[in-house]
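Enquirer: After the structure tokens below, expect a handful of questions from me.
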Amino acid sequence: MQNIRTFFLAITGFAVLATVVVLTASLTLAVGAILSVALLGRAMSMKLKPVPVRAKTRQDDMRVWNDGRGTIIDL
């Protein structure tokens with residue numbers, strides 16, 4: 001009777017351990033997939049943003065005035 005009880009207890013322990021291992025692995029894969037999609041989306045959105053272009057001019061070509069609604073800088 002003691003051997004049968006020990007056998008079933010061991011089988012139950014292995015089943016619980018296997019369940020925990022499978023659950024951990026599946027959660028790890030799910031989190032990895034979510035992070036991969038998020039990083040891919042971020043990379044694609046960064047690629048679509050326009051890059052600002054620096055404009056340089058000589059000091060005598062630049063005109064600045066205020067029309068009452070805001071400062072206007074004419075390059």
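Labeling convention for the structure tokens: chains A, B, ... as they appear, residues from 1 per chain, ligands from 1 in order of appearance.
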Could you give me, as a list in words, each residue of stretch 9-71 of chain A that DSSP assigns to strand (DSSP E or B) when run on this structure's backbone?
Expert: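 So the strand (DSSP E or B) residues in stretch 9-71 of chain A would be Arg63, Val64, Trp65, Asn66 and Thr71 of chain A.
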Enquirer: Could you work out how far atom CA of A:Val21 lies from atom CA of A:Leu9, giving the answer in Å with one decimal?
Expert: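 According to the coordinates, atom CA of A:Leu9 and atom CA of A:Val21 are separated by 18.3 Å.
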Enquirer: Report, in Å to a single decimal, how far apart atom CA of A:Leu40 and atom CA of A:Pro52 are.
Expert: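 About the pair atom CA of A:Pro52 and atom CA of A:Leu40: they are 23.0 Å apart.
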Enquirer: Could you give me, as a PyMOL selection string, each residue of stretch 13-68 of chain A that DSSP assigns to alpha helix (DSSP H) when run on this structure's backbone?
Expert: chain A and resi 13-48
